[in-house]
>>> print(open('protein06.csv').read())   # CSV, C-alpha atoms
chain,number,residue,atom,x,y,z
B,1,SER,CA,1.9,-21.0,-9.2
B,2,ASP,CA,5.3,-19.8,-7.8
B,3,ILE,CA,5.4,-16.7,-10.2
B,4,LEU,CA,3.1,-13.8,-9.7
B,5,ARG,CA,3.2,-10.8,-12.0
B,6,VAL,CA,2.4,-7.6,-10.1
B,7,GLY,CA,1.7,-4.2,-11.4
B,8,VAL,CA,2.6,-1.4,-9.1
B,9,VAL,CA,1.0,2.0,-9.8
B,10,GLN,CA,2.4,5.4,-9.2
B,11,MET,CA,-0.1,8.3,-9.2
B,12,ASN,CA,-0.4,12.0,-8.5
B,13,SER,CA,-3.9,12.0,-7.0
B,14,ARG,CA,-5.3,15.4,-6.1
B,15,GLY,CA,-8.6,17.0,-5.3
B,16,ASP,CA,-10.7,15.8,-8.3
B,17,LYS,CA,-12.0,12.3,-7.5
B,18,ALA,CA,-13.4,11.7,-11.1
B,19,GLU,CA,-10.0,12.5,-12.6
B,20,ASN,CA,-8.1,10.4,-10.0
B,21,LEU,CA,-10.3,7.4,-10.6
B,22,ALA,CA,-10.1,7.7,-14.4
B,23,THR,CA,-6.3,7.7,-14.1
B,24,ALA,CA,-6.4,4.7,-11.8
B,25,GLU,CA,-8.6,2.8,-14.3
B,26,ARG,CA,-6.2,3.7,-17.2
B,27,LEU,CA,-3.2,2.5,-15.2
B,28,ILE,CA,-4.9,-0.8,-14.2
B,29,ALA,CA,-5.7,-1.4,-17.9
B,30,GLU,CA,-2.0,-0.7,-18.8
B,31,ALA,CA,-0.8,-3.1,-16.1
B,32,ALA,CA,-3.2,-5.8,-17.3
B,33,ALA,CA,-2.1,-5.4,-20.9
B,34,ARG,CA,1.5,-6.0,-19.6
B,35,GLY,CA,0.4,-9.3,-18.0
B,36,ALA,CA,-0.1,-8.3,-14.4
B,37,GLN,CA,-2.1,-10.8,-12.3
B,38,VAL,CA,-2.2,-8.4,-9.3
B,39,VAL,CA,-2.4,-4.6,-9.5
B,40,ALA,CA,-1.8,-2.3,-6.5
B,41,LEU,CA,-2.9,1.3,-6.3
B,42,PRO,CA,-1.4,3.9,-3.8
B,43,GLU,CA,-2.8,5.4,-0.6
B,44,TYR,CA,-5.6,8.0,-0.9
B,45,VAL,CA,-6.0,7.1,-4.5
B,46,SER,CA,-9.5,8.6,-5.0
B,47,TYR,CA,-8.9,11.9,-3.1
B,48,LEU,CA,-5.7,13.5,-1.9
B,49,GLY,CA,-6.2,17.1,-0.9
B,50,PRO,CA,-7.4,19.4,1.9
B,51,ARG,CA,-9.2,17.7,4.8
B,52,GLU,CA,-12.0,20.2,4.5
B,53,GLN,CA,-13.1,18.1,1.5
B,54,HIS,CA,-12.9,14.7,3.3
B,55,GLU,CA,-16.6,14.8,4.0
B,56,ALA,CA,-17.5,15.5,0.4
B,57,ASN,CA,-15.2,12.6,-0.8
B,58,ALA,CA,-15.7,9.9,1.8
B,59,GLU,CA,-17.8,6.9,0.9
B,60,PRO,CA,-19.1,3.7,2.4
B,61,ILE,CA,-17.5,0.4,1.5
B,62,PRO,CA,-19.1,-1.1,-0.6
B,63,GLY,CA,-19.8,2.2,-2.4
B,64,PRO,CA,-19.3,3.9,-5.7
B,65,THR,CA,-15.5,3.8,-5.7
B,66,SER,CA,-15.2,0.3,-4.5
B,67,GLU,CA,-17.8,-0.8,-7.1
B,68,ARG,CA,-15.6,0.8,-9.8
B,69,PHE,CA,-12.6,-1.0,-8.5
B,70,ALA,CA,-14.6,-4.3,-8.4
B,71,ALA,CA,-15.6,-3.8,-12.0
B,72,ALA,CA,-12.0,-3.1,-13.0
B,73,ALA,CA,-10.8,-6.3,-11.3
B,74,ARG,CA,-13.6,-8.3,-13.1
B,75,ARG,CA,-12.9,-6.6,-16.5
B,76,HIS,CA,-9.2,-7.4,-16.4
B,77,ASP,CA,-9.5,-10.7,-14.5
B,78,LEU,CA,-7.0,-9.7,-11.8
B,79,TYR,CA,-6.6,-9.2,-8.1
B,80,LEU,CA,-6.7,-5.5,-7.3
B,81,LEU,CA,-5.5,-3.6,-4.2
B,82,GLY,CA,-7.7,-0.5,-4.3
B,83,GLY,CA,-4.9,1.6,-2.7
B,84,SER,CA,-6.7,3.3,0.2
B,85,ILE,CA,-9.8,5.5,0.2
B,86,LEU,CA,-11.7,7.6,2.7
B,87,GLU,CA,-14.3,5.3,4.3
B,88,ARG,CA,-17.3,6.8,6.2
B,89,SER,CA,-17.5,5.9,9.9
B,90,ALA,CA,-20.4,6.1,12.4
B,91,THR,CA,-18.7,9.3,13.9
B,92,PRO,CA,-19.6,12.5,12.1
B,93,GLY,CA,-16.6,14.3,10.6
B,94,LYS,CA,-14.4,11.2,11.0
B,95,TYR,CA,-13.4,8.6,8.5
B,96,TYR,CA,-11.1,5.5,8.1
B,97,ASN,CA,-8.2,5.4,5.7
B,98,THR,CA,-9.1,2.0,4.2
B,99,SER,CA,-7.4,-0.4,1.8
B,100,VAL,CA,-9.7,-2.8,-0.1
B,101,LEU,CA,-8.5,-6.0,-1.8
B,102,PHE,CA,-10.6,-7.5,-4.6
B,103,ASP,CA,-10.4,-10.9,-6.3
B,104,PRO,CA,-10.7,-11.4,-10.1
B,105,SER,CA,-14.5,-11.8,-9.7
B,106,GLY,CA,-14.7,-8.3,-8.1
B,107,ALA,CA,-15.5,-9.7,-4.7
B,108,ILE,CA,-14.0,-7.9,-1.7
B,109,LEU,CA,-11.3,-10.3,-0.2
B,110,ALA,CA,-10.3,-8.0,2.7
B,111,THR,CA,-10.5,-4.5,4.0
B,112,TYR,CA,-7.8,-3.0,6.2
B,113,ARG,CA,-8.2,0.3,8.1
B,114,LYS,CA,-4.9,2.1,8.6
B,115,ILE,CA,-3.7,1.6,12.2
B,116,HIS,CA,-0.9,4.1,12.6
B,117,LEU,CA,-2.0,7.7,11.8
B,118,PHE,CA,0.4,10.3,10.5
B,119,ASP,CA,0.6,12.9,13.3
B,120,ILE,CA,4.0,14.6,13.1
B,121,ASP,CA,5.7,18.0,13.3
B,122,LEU,CA,9.0,18.4,11.5
B,123,THR,CA,9.2,22.1,12.1
B,124,GLY,CA,9.5,24.1,8.9
B,125,ASN,CA,9.3,20.9,6.7
B,126,VAL,CA,6.3,18.6,7.3
B,127,THR,CA,3.4,19.0,9.6
B,128,ALA,CA,0.6,16.5,9.5
B,129,ASN,CA,-2.3,15.7,11.7
B,130,GLU,CA,-4.1,12.8,10.0
B,131,SER,CA,-6.1,11.9,13.2
B,132,ALA,CA,-7.9,15.3,12.9
B,133,THR,CA,-10.3,13.6,10.5
B,134,ILE,CA,-9.2,9.9,10.4
B,135,LEU,CA,-10.0,7.2,13.0
B,136,PRO,CA,-7.4,4.4,13.5
B,137,GLY,CA,-8.2,0.8,12.6
B,138,ASP,CA,-7.4,-2.0,15.1
B,139,ARG,CA,-7.1,-5.2,13.1
B,140,VAL,CA,-4.1,-6.9,11.6
B,141,VAL,CA,-5.4,-8.1,8.2
B,142,THR,CA,-4.2,-10.9,5.9
B,143,ALA,CA,-5.8,-12.4,2.8
B,144,GLU,CA,-4.9,-15.0,0.2
B,145,ILE,CA,-4.0,-14.3,-3.4
B,146,ALA,CA,-3.4,-17.2,-5.8
B,147,GLY,CA,-2.4,-19.5,-2.9
B,148,HIS,CA,-0.2,-17.0,-1.3
B,149,LYS,CA,-0.8,-15.2,2.0
B,150,VAL,CA,-0.6,-11.4,1.8
B,151,GLY,CA,-0.6,-8.7,4.5
B,152,LEU,CA,-2.2,-5.3,4.2
B,153,THR,CA,-0.6,-2.1,5.6
B,154,ILE,CA,-0.6,1.6,4.6
B,155,CYS,CA,2.1,4.2,4.5
B,156,TYR,CA,3.0,5.4,8.0
B,157,ASP,CA,2.5,1.8,9.3
B,158,LEU,CA,5.9,1.2,7.7
B,159,ARG,CA,7.6,2.8,10.7
B,160,PHE,CA,6.2,0.1,13.1
B,161,PRO,CA,8.1,-3.1,12.5
B,162,GLU,CA,5.9,-5.1,15.0
B,163,LEU,CA,2.9,-4.9,12.6
B,164,TYR,CA,5.0,-6.5,9.8
B,165,ARG,CA,6.3,-9.2,12.2
B,166,LEU,CA,2.7,-10.1,13.1
B,167,LEU,CA,1.8,-10.4,9.4
B,168,ALA,CA,4.9,-12.6,8.8
B,169,LEU,CA,3.9,-14.8,11.8
B,170,GLU,CA,0.5,-15.2,10.2
B,171,GLY,CA,2.3,-16.5,7.1
B,172,ALA,CA,2.4,-13.4,4.9
B,173,GLU,CA,4.8,-13.9,1.9
B,174,LEU,CA,3.9,-10.6,0.4
B,175,VAL,CA,3.0,-7.3,2.2
B,176,PHE,CA,1.4,-4.3,0.5
B,177,VAL,CA,2.4,-0.8,1.5
B,178,PRO,CA,0.3,1.7,-0.5
B,179,ALA,CA,1.6,5.1,0.4
B,180,ALA,CA,1.5,8.9,0.0
B,181,PHE,CA,5.0,9.3,1.6
B,182,THR,CA,6.2,12.9,1.9
B,183,LEU,CA,9.2,14.0,-0.1
B,184,TYR,CA,11.0,15.3,3.0
B,185,THR,CA,11.0,11.9,4.8
B,186,GLY,CA,10.8,9.7,1.8
B,187,LYS,CA,14.2,10.7,0.4
B,188,ASP,CA,15.9,9.4,3.6
B,189,HIS,CA,13.6,6.7,4.9
B,190,TRP,CA,11.4,5.1,2.2
B,191,HIS,CA,13.9,2.7,0.5
B,192,VAL,CA,15.6,1.9,3.8
B,193,LEU,CA,12.5,1.0,5.7
B,194,LEU,CA,10.8,-1.0,2.8
B,195,ARG,CA,14.1,-3.0,2.4
B,196,ALA,CA,14.3,-3.6,6.1
B,197,ARG,CA,10.7,-4.9,6.3
B,198,ALA,CA,11.5,-7.3,3.5
B,199,ILE,CA,14.8,-8.5,4.9
B,200,GLU,CA,13.6,-9.0,8.5
B,201,ASN,CA,10.4,-10.8,7.5
B,202,GLN,CA,11.8,-12.5,4.4
B,203,CYS,CA,8.9,-11.5,2.3
B,204,TYR,CA,8.1,-9.5,-0.8
B,205,VAL,CA,7.1,-5.9,-0.2
B,206,VAL,CA,5.0,-4.1,-2.8
B,207,ALA,CA,4.7,-0.4,-2.3
B,208,PRO,CA,2.6,1.7,-4.8
B,209,ALA,CA,3.1,5.4,-4.3
B,210,GLN,CA,1.8,8.9,-4.8
B,211,ILE,CA,4.2,11.3,-6.5
B,212,GLY,CA,4.3,15.0,-6.9
B,213,PRO,CA,2.4,18.0,-5.4
B,214,HIS,CA,-1.0,18.1,-4.0
B,215,GLU,CA,-3.0,20.7,-2.0
B,216,PRO,CA,-2.5,22.1,0.6
B,217,ASN,CA,1.1,22.7,-0.2
B,218,ALA,CA,2.4,19.1,0.1
B,219,GLN,CA,4.7,17.0,-2.0
B,220,CYS,CA,4.9,13.1,-2.3
B,221,TYR,CA,8.1,11.2,-2.9
B,222,GLY,CA,7.1,8.6,-5.4
B,223,HIS,CA,9.6,5.8,-6.0
B,224,ALA,CA,6.9,3.0,-6.0
B,225,LEU,CA,8.9,-0.1,-5.2
B,226,VAL,CA,9.0,-3.9,-5.2
B,227,VAL,CA,11.5,-5.4,-2.8
B,228,ASP,CA,12.3,-9.1,-2.8
B,229,PRO,CA,12.8,-11.2,0.4
B,230,TRP,CA,16.6,-10.6,0.2
B,231,GLY,CA,16.0,-6.9,0.4
B,232,THR,CA,16.9,-6.2,-3.2
B,233,VAL,CA,14.8,-3.5,-5.0
B,234,VAL,CA,13.6,-5.5,-8.1
B,235,ALA,CA,11.4,-2.7,-9.5
B,236,GLU,CA,11.3,1.0,-9.0
B,237,ALA,CA,9.0,3.5,-10.7
B,238,PRO,CA,10.6,6.4,-12.6
B,239,ASN,CA,9.9,9.9,-11.6
B,240,ARG,CA,6.4,10.1,-13.2
B,241,VAL,CA,2.9,8.8,-13.1
B,242,GLY,CA,2.7,5.3,-14.4
B,243,VAL,CA,3.0,1.6,-13.7
B,244,VAL,CA,5.9,-0.8,-13.2
B,245,VAL,CA,5.4,-4.6,-13.6
B,246,SER,CA,7.5,-7.1,-11.7
B,247,GLU,CA,7.6,-10.9,-11.3
B,248,LEU,CA,7.5,-12.2,-7.8
B,249,ASP,CA,9.1,-15.7,-7.5
B,250,PHE,CA,7.9,-17.5,-4.3
B,251,SER,CA,10.3,-20.4,-4.9
B,252,TYR,CA,13.1,-17.8,-4.3
B,253,LEU,CA,11.4,-16.8,-1.1
B,254,ARG,CA,11.4,-20.4,0.2
B,255,GLU,CA,15.0,-20.7,-0.8
B,256,ILE,CA,16.0,-17.7,1.2
B,257,ARG,CA,14.0,-18.8,4.2
B,258,ALA,CA,15.7,-22.2,4.1
B,259,GLN,CA,19.2,-20.9,3.7
B,260,LEU,CA,19.1,-18.0,6.1
B,261,PRO,CA,16.3,-19.0,8.5
B,262,SER,CA,16.1,-15.8,10.5
B,263,LEU,CA,12.3,-16.0,10.9
B,264,ALA,CA,12.6,-19.6,12.2
B,265,ASN,CA,15.6,-18.6,14.5
B,266,ARG,CA,13.6,-16.0,16.6
B,267,ARG,CA,14.0,-16.1,20.3
B,268,PRO,CA,12.0,-16.1,22.4
B,269,GLU,CA,9.7,-17.9,20.1
B,270,ALA,CA,6.5,-16.5,21.7
>>> encode(input="protein06.csv", output="structure tokens")
Amino acid sequence: SDILRVGVVQMNSRGDKAENLATAERLIAEAAARGAQVVALPEYVSYLGPREQHEANAEPIPGPTSERFAAAARRHDLYLLGGSILERSATPGKYYNTSVLFDPSGAILATYRKIHLFDIDLTGNVTANESATILPGDRVVTAEIAGHKVGLTICYDLRFPELYRLLALEGAELVFVPAAFTLYTGKDHWHVLLRARAIENQCYVVAPAQIGPHEPNAQCYGHALVVDPWGTVVAEAPNRVGVVVSELDFSYLREIRAQLPSLANRRPEA
């Protein structure tokens, strides 16, 4: 079908995995009750807190958290983007920041390990060193949802347009950007970059988000968004934990690509 109803979740995950997952399940159920065929959770959905606790909260995939997400997808008969979780690696003390996409039977359709790690130092405002505990992925990942190609990205990836262009060239009509964007950068860059990715690749962009404070001393921006291929924000979460539901219309996407064929007009074409 050309219409896909998407539920975009906004959470304030913190250090208590059980509580985080209970909230995620409640919001998936709410989205399902409102007719969502796809539900997307934010980055670090199961645990967002001090990296000293990464070891205690990391899991294999499949594992307990992915099984709970699989069960939720089955229970509500929907596609589920399990935000991202800490995935165990073969290297002691190192993990992947991994997004898992489930189909309505609970089967894993795709896993994507975040490629671009958040290592920044905005003196006096935000300092982050994600690579201290996280290993980068190295694969560009697409999957298919209800006949539509989708691309998987996570948070800081948003600043690297080449990844989104590769996804568009693989046929992505929808790109997910689950995030835990900082308040300091989000207020100036979040809307602009998500809209730019949608406009330049003529695709829908679905960005579930973390909102509010978490340890140690960090604050997420929120504003979970759905952006259409024209760059219009068609859904935006209010300033609280919850879910927004939006209809994606792929006939509109084809219309835009036909009328303003910027993807087709690329040069050089390689």
>>> residues_near_point(input="protein06.csv", point="(6.6, -8.1, 9.8)", cutoff="9 Å", atoms="all atoms listed in the file", output="list in words")
Gly151, Phe160, Pro161, Glu162, Leu163, Tyr164, Arg165, Leu166, Leu167, Ala168, Leu169, Ala172, Val175, Arg197, Ala198, Glu200, Asn201, Gln202 and Cys203 of chain B
>>> residues_around(input="protein06.csv", residues="B:Val245", least_positions_apart="3", cutoff="8 Å", atoms="all atoms listed in the file", output="list in words")
Arg5, Val6, Gly7, Val8, Ala31, Arg34, Ala36 and Ala235 of chain B
>>> residues_around(input="protein06.csv", residues="B:Val141", least_positions_apart="6", cutoff="9 Å", atoms="all atoms listed in the file", output="list of chain:residue names")
B:Ala110, B:Thr111, B:Tyr112, B:Arg113, B:Val150, B:Gly151, B:Leu152, B:Thr153, B:Leu167
>>> atom_distance(input="protein06.csv", atom1="atom CA of B:Asp103", atom2="atom CA of B:Glu19")
24.2 Å
>>> closest_residue(input="protein06.csv", among="B:Glu30, B:Glu59, B:Glu130, B:Asp138", to="B:Lys17", atoms="only C-alpha atoms")
B:Glu59
>>> closest_residue(input="protein06.csv", among="B:Ala258, B:Ser251, B:Ala196, B:Pro136", to="B:Thr232", atoms="only C-alpha atoms")
B:Ala196
>>> residues_around(input="protein06.csv", residues="B:Asn12", least_positions_apart="3", cutoff="6 Å", atoms="all atoms listed in the file", output="PyMOL selection string")
chain B and resi 210-212
>>> closest_residue(input="protein06.csv", among="B:Pro178, B:Gly93, B:Gly231, B:Pro238", to="B:Val192", atoms="all atoms listed in the file")
B:Gly231
>>> closest_residue(input="protein06.csv", among="B:Tyr156, B:Tyr79, B:Tyr95, B:Tyr221", to="B:His116", atoms="all atoms listed in the file")
B:Tyr156
>>> residues_around(input="protein06.csv", residues="B:Ser84", least_positions_apart="2", cutoff="12 Å", atoms="only C-alpha atoms", output="ChimeraX atom specification")
/B:13,40-48,58-59,61,65-66,69,80-82,86-87,95-101,111-114,152-155,176-180,208-210
>>> atom_distance(input="protein06.csv", atom1="atom CA of B:Ser105", atom2="atom CA of B:Val226")
25.2 Å
>>> atom_distance(input="protein06.csv", atom1="atom CA of B:Pro216", atom2="atom CA of B:Ala132")
15.1 Å
>>> closest_residue(input="protein06.csv", among="B:Pro50, B:Ala143, B:His223, B:Val206", to="B:Ala128", atoms="all atoms listed in the file")
B:Pro50
>>> residues_around(input="protein06.csv", residues="B:Lys94", least_positions_apart="4", cutoff="7 Å", atoms="all atoms listed in the file", output="PyMOL selection string")
chain B and resi 89+133-135
>>> closest_residue(input="protein06.csv", among="B:Val140, B:Glu173, B:Asn125, B:Val243", to="B:Arg26", atoms="all atoms listed in the file")
B:Val243
>>> decode(input="protein06.csv", residues="stretch 72-138 of chain B", atoms="C-alpha atoms", output="short mmCIF file (atom, residue, chain, number, x, y, z; two decimals), in the first residue's frame")
data_model
loop_
_atom_site.label_atom_id
_atom_site.label_comp_id
_atom_site.auth_asym_id
_atom_site.auth_seq_id
_atom_site.Cartn_x
_atom_site.Cartn_y
_atom_site.Cartn_z
CA ALA B 72 5.80 -6.82 21.10
CA ALA B 73 5.96 -6.81 17.29
CA ARG B 74 4.10 -10.14 17.22
CA ARG B 75 1.58 -9.13 19.86
CA HIS B 76 0.59 -5.95 18.03
CA ASP B 77 1.18 -7.29 14.49
CA LEU B 78 3.49 -4.46 13.42
CA TYR B 79 6.98 -3.68 12.23
CA LEU B 80 9.16 -2.46 15.11
CA LEU B 81 12.41 -0.54 15.05
CA GLY B 82 13.87 -1.44 18.45
CA GLY B 83 15.63 1.91 18.70
CA SER B 84 19.18 0.98 19.51
CA ILE B 85 20.59 -1.14 22.33
CA LEU B 86 24.03 -2.00 23.64
CA GLU B 87 25.14 -5.15 21.84
CA ARG B 88 27.93 -7.33 23.20
CA SER B 89 31.04 -7.67 21.03
CA ALA B 90 33.92 -10.12 21.02
CA THR B 91 36.13 -7.40 22.56
CA PRO B 92 35.97 -7.18 26.38
CA GLY B 93 34.65 -3.81 27.56
CA LYS B 94 33.46 -2.83 24.05
CA TYR B 95 29.97 -2.91 22.59
CA TYR B 96 28.05 -1.95 19.48
CA ASN B 97 25.29 0.64 19.41
CA THR B 98 22.86 -1.50 17.43
CA SER B 99 19.47 -0.89 15.87
CA VAL B 100 17.23 -3.93 15.30
CA LEU B 101 14.26 -4.02 12.93
CA PHE B 102 11.53 -6.64 13.48
CA ASP B 103 8.74 -7.77 11.19
CA PRO B 104 5.18 -8.46 12.45
CA SER B 105 6.05 -12.13 13.08
CA GLY B 106 8.83 -11.01 15.45
CA ALA B 107 11.60 -12.07 13.06
CA ILE B 108 14.69 -9.85 12.86
CA LEU B 109 14.65 -8.17 9.42
CA ALA B 110 17.89 -6.22 9.85
CA THR B 111 20.48 -5.12 12.39
CA TYR B 112 22.52 -1.95 11.98
CA ARG B 113 25.56 -1.05 14.07
CA LYS B 114 26.08 2.72 14.36
CA ILE B 115 28.94 3.75 12.09
CA HIS B 116 29.71 7.29 13.28
CA LEU B 117 30.56 7.52 16.98
CA PHE B 118 29.84 10.65 19.01
CA ASP B 119 33.30 11.90 20.06
CA ILE B 120 33.08 15.65 20.52
CA ASP B 121 34.23 18.41 22.85
CA LEU B 122 32.14 21.59 22.89
CA THR B 123 34.01 23.14 25.79
CA GLY B 124 31.80 23.91 28.75
CA ASN B 125 28.72 22.52 27.02
CA VAL B 126 28.91 18.96 25.73
CA THR B 127 31.77 16.51 25.96
CA ALA B 128 31.19 12.98 24.72
CA ASN B 129 33.48 10.07 24.00
CA GLU B 130 31.19 7.32 22.71
CA SER B 131 34.11 5.33 21.30
CA ALA B 132 35.48 4.77 24.82
CA THR B 133 33.05 1.84 25.08
CA ILE B 134 31.45 1.56 21.62
CA LEU B 135 32.90 -0.01 18.48
CA PRO B 136 31.85 1.39 15.09
CA GLY B 137 29.85 -0.67 12.63
CA ASP B 138 30.92 -0.78 8.98
#
